[in-house]
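Working notes, structure below.
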Amino acid sequence: MDERSSRRQFIDRASRVLGFVTIGGAAGVLAKRASANSVYQVDPLRCTSCDLCRTSCVLSLSAVKAVNDFARCGYCQLCPAYMDVTSQPDATGIPTGRVCPQDALKRRVVGTVDKDDPNNNYYEYTVDETRCDGCGKCVKACLPPAGNGSLRLEIRYDRCVECNECAIQLACPDRAILRVEVPGLPPRSAGQAHE
Amino acid sequence: MDPNSSEKPPLSLRERLFKTWFPPAAAIGGMAMLVAAVFRQRPAARTVVAPPGGPAPAVPAPGAQAATAPAMASPLLQVARASSARPTAGPLARQYRLERVFGEAASAAAFHLSLNGVALDSSDRLHTLGDGEIRVFAPDGSVARRWKVAETAESLAVGPDGRVYVGGSGRVDVYSPRGDRIGGFAFGDKASPAAVSAVKIYRDEILVADASARIIRRFDAAGRQLGVIGDRGATKTFMLPNGKLDLDVDAAGVVRATDTGRHQVTAWQIDGTPVGRFGKFGMSDPADFVGCCNPVNLASTRDGMVVTGEKMVARVKVFTAAGVLMAVIGPEHFDPMCTQIHLAADAKGRVYAADPVRRRIQVFAPEAGGAR
């Protein structure tokens, strides 16, 4: 009887210890995750601009925005991400349609401006983030070989509310949403965007 | 119950539940939570660290995005491809057929990493720049000679005396026909070396396409700059959104160069005087140039034709010097992800077109009979 009792006691104590360690470990992992300096970000090599960033984000206007890498941009006059090159051309042969349904891609002439011949001008393209809904149409149109591939989608941290489970990550068929470590980024709670 | 009895009283159901079953159940549940918490952080293998205090981090995109993103094909490709198949106003005057292929993947002369240029010598022997070396092909398709060049080499030319000129980052190196380095010169700013996207030889001059400065530089054999081409008239230097400038010189000494942002082929005298241009943007007429920046490549034939290579719709077209479209070598011959097609033309009018994605050189011969 004593022997049986001590075995039972041993199992009982061992189970308790194991239970406490496991629960403590799980709590530690979750606490570390919550306080980690990491954020969600889009991997441009996996992203296929499938439009789910626009429709899946919990925000009414997605936290995913198109951004232009100026170092790669060609500053084209006939930018395939800005102009719908298949649309009806105007009298000067320039397509009249626009790729962005939100008119969020803006351009301005940079450098020396030739008013007489637009062919002599370079154009800088920027994204109006108050309009961009992250649909990725411009990103697709800028892809090589048509463009230089300077446009890509990014999660903007001043808009992302850092859900415990990113809805876009769950929806993304290409597993293009990653956790990215950002040293120096202050920790925050879910539902709060970075300042 | 006897208080002096050493036997423990039997556990109630509640005690049995909390004392006996709760700890293992909590342990199993906790372990499940731990496993779930760890595995939900997908994908664990790829985490990018941004510099402290820097801008919002993005997952870095290496330069090879074009080659690694085939799943996201541009929606413009199909539309643009259709323009090759669209009929012209009249029948095209020339037809070309695929005659042979150099550097096939299965052959001993296969290019494994890169194919950056093609050139023909005065005997129409094929020279190629690829895999960090120059290869001279024998007529049977085997490699007769090969030698290593700088890894940064981007362009290739062969002079009438058989010397081989290799353009790279801010410099041109000269090799004997046997592959011995016999000279070379550097130019421009060492801190930001010029992108030499093409080299051609005209008499005793070396013409260098400087895509960084968006002009063509003329050098003598010693590397002294004699002048520039491309900064006069309405051009105000070439517009190169894609960073490529190609040129060729015909037998009459007319220098032709691509002006990709303007969708034109430009013609110049050797002293830099503009003598003409043709081409315009268009997505439907095969004679037009599609996309943001075309034509990317160019070659002159010995009968005065101009051969152009395009991206987006990877195709080759043959024009008269005045810009009349004579032939289209369609996109079915090239990889759709080509951002350029290196070109050369031999004495018989054959067009050598190097596809840098499939890494092979296709030779297209004009069909006998001409007009169809």
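Simple scheme: letters A, B, ... for chains in structure tokens order, numbers from 1 for residues in each chain, numbers from 1 for ligands in the order shown.
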
Could you go through segment 20-102 of chain A and tell me which residues DSSP, when run on the backbone, assigns to helix (DSSP H, G or I), listing them as a PDB file with C-alpha atoms, in the first residue's frame?
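Full text of out.pdb as output:
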```
ATOM      1  CA  PHE A  20       3.748  24.411 -14.016  1.00  0.00           C
ATOM      2  CA  VAL A  21       6.868  24.373 -16.200  1.00  0.00           C
ATOM      3  CA  THR A  22       4.826  24.026 -19.374  1.00  0.00           C
ATOM      4  CA  ILE A  23       2.356  26.709 -18.448  1.00  0.00           C
ATOM      5  CA  GLY A  24       5.190  28.984 -17.399  1.00  0.00           C
ATOM      6  CA  GLY A  25       7.042  28.305 -20.650  1.00  0.00           C
ATOM      7  CA  ALA A  26       3.976  29.000 -22.757  1.00  0.00           C
ATOM      8  CA  ALA A  27       3.356  32.194 -20.833  1.00  0.00           C
ATOM      9  CA  GLY A  28       6.970  33.175 -21.374  1.00  0.00           C
ATOM     10  CA  VAL A  29       6.786  32.569 -25.119  1.00  0.00           C
ATOM     11  CA  LEU A  30       3.583  34.558 -25.411  1.00  0.00           C
ATOM     12  CA  ALA A  31       4.973  37.372 -23.288  1.00  0.00           C
ATOM     13  CA  LYS A  32       8.137  37.460 -25.399  1.00  0.00           C
ATOM     14  CA  ARG A  33       6.071  37.603 -28.564  1.00  0.00           C
ATOM     15  CA  ALA A  34       3.994  40.406 -27.204  1.00  0.00           C
ATOM     16  CA  SER A  35       7.001  42.487 -26.246  1.00  0.00           C
ATOM     17  CA  LEU A  52      -5.842  40.129 -50.885  1.00  0.00           C
ATOM     18  CA  CYS A  53      -3.881  42.783 -48.984  1.00  0.00           C
ATOM     19  CA  ARG A  54      -6.582  45.238 -49.965  1.00  0.00           C
ATOM     20  CA  THR A  55      -9.482  42.994 -49.036  1.00  0.00           C
ATOM     21  CA  SER A  56      -8.126  41.120 -46.002  1.00  0.00           C
TER      22      SER A  56
END
```

Subject >> Near-segment 260-272 of chain B list (7 Å; only C-alpha atoms; drop same-chain fewer than 3 positions) as a ChimeraX atom specification >> reply: /A:76,119 /B:228-230,239-241,253-257,275-281,289,292-296

**OP:** Mind checking which residues fall within 8 Å of Ala186 of chain B, counting only C-alpha atoms, ignoring those fewer than 4 positions away in the same chain, and posting them as a ChimeraX atom specification?
**Re:** /B:170-172,223

With C-alpha atoms retained, write the just-selected residues as a short mmCIF file (atom, residue, chain, number, x, y, z; two decimals), in the first residue's frame.
```
data_model
loop_
_atom_site.label_atom_id
_atom_site.label_comp_id
_atom_site.auth_asym_id
_atom_site.auth_seq_id
_atom_site.Cartn_x
_atom_site.Cartn_y
_atom_site.Cartn_z
CA GLY B 170 34.10 52.45 -66.34
CA ARG B 171 36.70 50.84 -68.59
CA VAL B 172 37.47 49.15 -71.89
CA GLY B 223 42.00 56.09 -74.48
#
```

Pull the closest atom pair for each residue of chain A that gets at most 8 Å from chain B, along with the distance in Å to one decimal, counting only C-alpha atoms, ordering rows by chain and then ascending residue number, as JSON lines.
```
{"residue": "A:Asp12", "atom": "CA", "partner": "B:Thr20", "partner_atom": "CA", "distance": 6.3}
{"residue": "A:Ser15", "atom": "CA", "partner": "B:Pro23", "partner_atom": "CA", "distance": 5.1}
{"residue": "A:Arg16", "atom": "CA", "partner": "B:Pro23", "partner_atom": "CA", "distance": 4.9}
{"residue": "A:Leu18", "atom": "CA", "partner": "B:Ala27", "partner_atom": "CA", "distance": 5.8}
{"residue": "A:Gly19", "atom": "CA", "partner": "B:Ala27", "partner_atom": "CA", "distance": 3.8}
{"residue": "A:Phe20", "atom": "CA", "partner": "B:Ala27", "partner_atom": "CA", "distance": 7.4}
{"residue": "A:Thr22", "atom": "CA", "partner": "B:Gly30", "partner_atom": "CA", "distance": 5.2}
{"residue": "A:Ile23", "atom": "CA", "partner": "B:Gly30", "partner_atom": "CA", "distance": 5.0}
{"residue": "A:Gly25", "atom": "CA", "partner": "B:Leu34", "partner_atom": "CA", "distance": 7.2}
{"residue": "A:Ala26", "atom": "CA", "partner": "B:Leu34", "partner_atom": "CA", "distance": 4.8}
{"residue": "A:Val29", "atom": "CA", "partner": "B:Ala37", "partner_atom": "CA", "distance": 7.3}
{"residue": "A:Leu30", "atom": "CA", "partner": "B:Ala37", "partner_atom": "CA", "distance": 7.2}
{"residue": "A:Gln41", "atom": "CA", "partner": "B:Ala58", "partner_atom": "CA", "distance": 6.6}
{"residue": "A:Val42", "atom": "CA", "partner": "B:Val59", "partner_atom": "CA", "distance": 6.7}
{"residue": "A:Asp43", "atom": "CA", "partner": "B:Val59", "partner_atom": "CA", "distance": 5.4}
{"residue": "A:Pro44", "atom": "CA", "partner": "B:Ala61", "partner_atom": "CA", "distance": 6.3}
{"residue": "A:Leu45", "atom": "CA", "partner": "B:Ala69", "partner_atom": "CA", "distance": 6.3}
{"residue": "A:Arg46", "atom": "CA", "partner": "B:Ala69", "partner_atom": "CA", "distance": 7.4}
{"residue": "A:Thr48", "atom": "CA", "partner": "B:Met72", "partner_atom": "CA", "distance": 5.0}
{"residue": "A:Ser49", "atom": "CA", "partner": "B:Met72", "partner_atom": "CA", "distance": 7.5}
{"residue": "A:Cys73", "atom": "CA", "partner": "B:Pro241", "partner_atom": "CA", "distance": 7.6}
{"residue": "A:Gly74", "atom": "CA", "partner": "B:Pro241", "partner_atom": "CA", "distance": 3.9}
{"residue": "A:Tyr75", "atom": "CA", "partner": "B:Pro241", "partner_atom": "CA", "distance": 6.2}
{"residue": "A:Cys76", "atom": "CA", "partner": "B:Pro241", "partner_atom": "CA", "distance": 5.6}
{"residue": "A:Gln77", "atom": "CA", "partner": "B:Gly261", "partner_atom": "CA", "distance": 7.2}
{"residue": "A:Leu78", "atom": "CA", "partner": "B:Cys292", "partner_atom": "CA", "distance": 5.1}
{"residue": "A:Cys79", "atom": "CA", "partner": "B:Cys292", "partner_atom": "CA", "distance": 5.6}
{"residue": "A:Pro80", "atom": "CA", "partner": "B:Cys292", "partner_atom": "CA", "distance": 6.1}
{"residue": "A:Val85", "atom": "CA", "partner": "B:Met283", "partner_atom": "CA", "distance": 7.2}
{"residue": "A:Thr86", "atom": "CA", "partner": "B:Met283", "partner_atom": "CA", "distance": 6.5}
{"residue": "A:Gly93", "atom": "CA", "partner": "B:Phe281", "partner_atom": "CA", "distance": 7.2}
{"residue": "A:Asn119", "atom": "CA", "partner": "B:Arg262", "partner_atom": "CA", "distance": 5.9}
{"residue": "A:Asn120", "atom": "CA", "partner": "B:Met239", "partner_atom": "CA", "distance": 7.4}
{"residue": "A:Lys140", "atom": "CA", "partner": "B:Ser74", "partner_atom": "CA", "distance": 5.5}
{"residue": "A:Ala141", "atom": "CA", "partner": "B:Ser74", "partner_atom": "CA", "distance": 5.5}
{"residue": "A:Cys142", "atom": "CA", "partner": "B:Ser74", "partner_atom": "CA", "distance": 7.5}
{"residue": "A:Leu143", "atom": "CA", "partner": "B:Ser74", "partner_atom": "CA", "distance": 5.9}
{"residue": "A:Pro144", "atom": "CA", "partner": "B:Ala66", "partner_atom": "CA", "distance": 5.6}
{"residue": "A:Pro145", "atom": "CA", "partner": "B:Met312", "partner_atom": "CA", "distance": 4.9}
{"residue": "A:Ala146", "atom": "CA", "partner": "B:Met312", "partner_atom": "CA", "distance": 4.8}
{"residue": "A:Gly147", "atom": "CA", "partner": "B:Cys292", "partner_atom": "CA", "distance": 6.6}
{"residue": "A:Asn148", "atom": "CA", "partner": "B:Asn242", "partner_atom": "CA", "distance": 6.7}
{"residue": "A:Gly149", "atom": "CA", "partner": "B:Ala66", "partner_atom": "CA", "distance": 7.6}
{"residue": "A:Glu154", "atom": "CA", "partner": "B:Ala58", "partner_atom": "CA", "distance": 6.9}
{"residue": "A:Arg156", "atom": "CA", "partner": "B:Ala56", "partner_atom": "CA", "distance": 7.6}
{"residue": "A:Tyr157", "atom": "CA", "partner": "B:Ala56", "partner_atom": "CA", "distance": 7.2}
{"residue": "A:Arg175", "atom": "CA", "partner": "B:Pro43", "partner_atom": "CA", "distance": 8.0}
{"residue": "A:Leu178", "atom": "CA", "partner": "B:Pro43", "partner_atom": "CA", "distance": 6.9}
{"residue": "A:Arg179", "atom": "CA", "partner": "B:Thr47", "partner_atom": "CA", "distance": 6.4}
{"residue": "A:Val180", "atom": "CA", "partner": "B:Val48", "partner_atom": "CA", "distance": 5.2}
{"residue": "A:Glu181", "atom": "CA", "partner": "B:Val49", "partner_atom": "CA", "distance": 5.0}
{"residue": "A:Val182", "atom": "CA", "partner": "B:Ala50", "partner_atom": "CA", "distance": 5.3}
{"residue": "A:Pro183", "atom": "CA", "partner": "B:Pro52", "partner_atom": "CA", "distance": 5.1}
{"residue": "A:Gly184", "atom": "CA", "partner": "B:Pro52", "partner_atom": "CA", "distance": 5.4}
{"residue": "A:Leu185", "atom": "CA", "partner": "B:Pro52", "partner_atom": "CA", "distance": 7.9}
```

**OP:** Using only C-alpha atoms, pick whichever of A:Lys65, A:Arg72, A:Arg152, A:Arg13 has the shortest atom-to-atom distance to Gln102 of chain A.
**Re:** A:Lys65
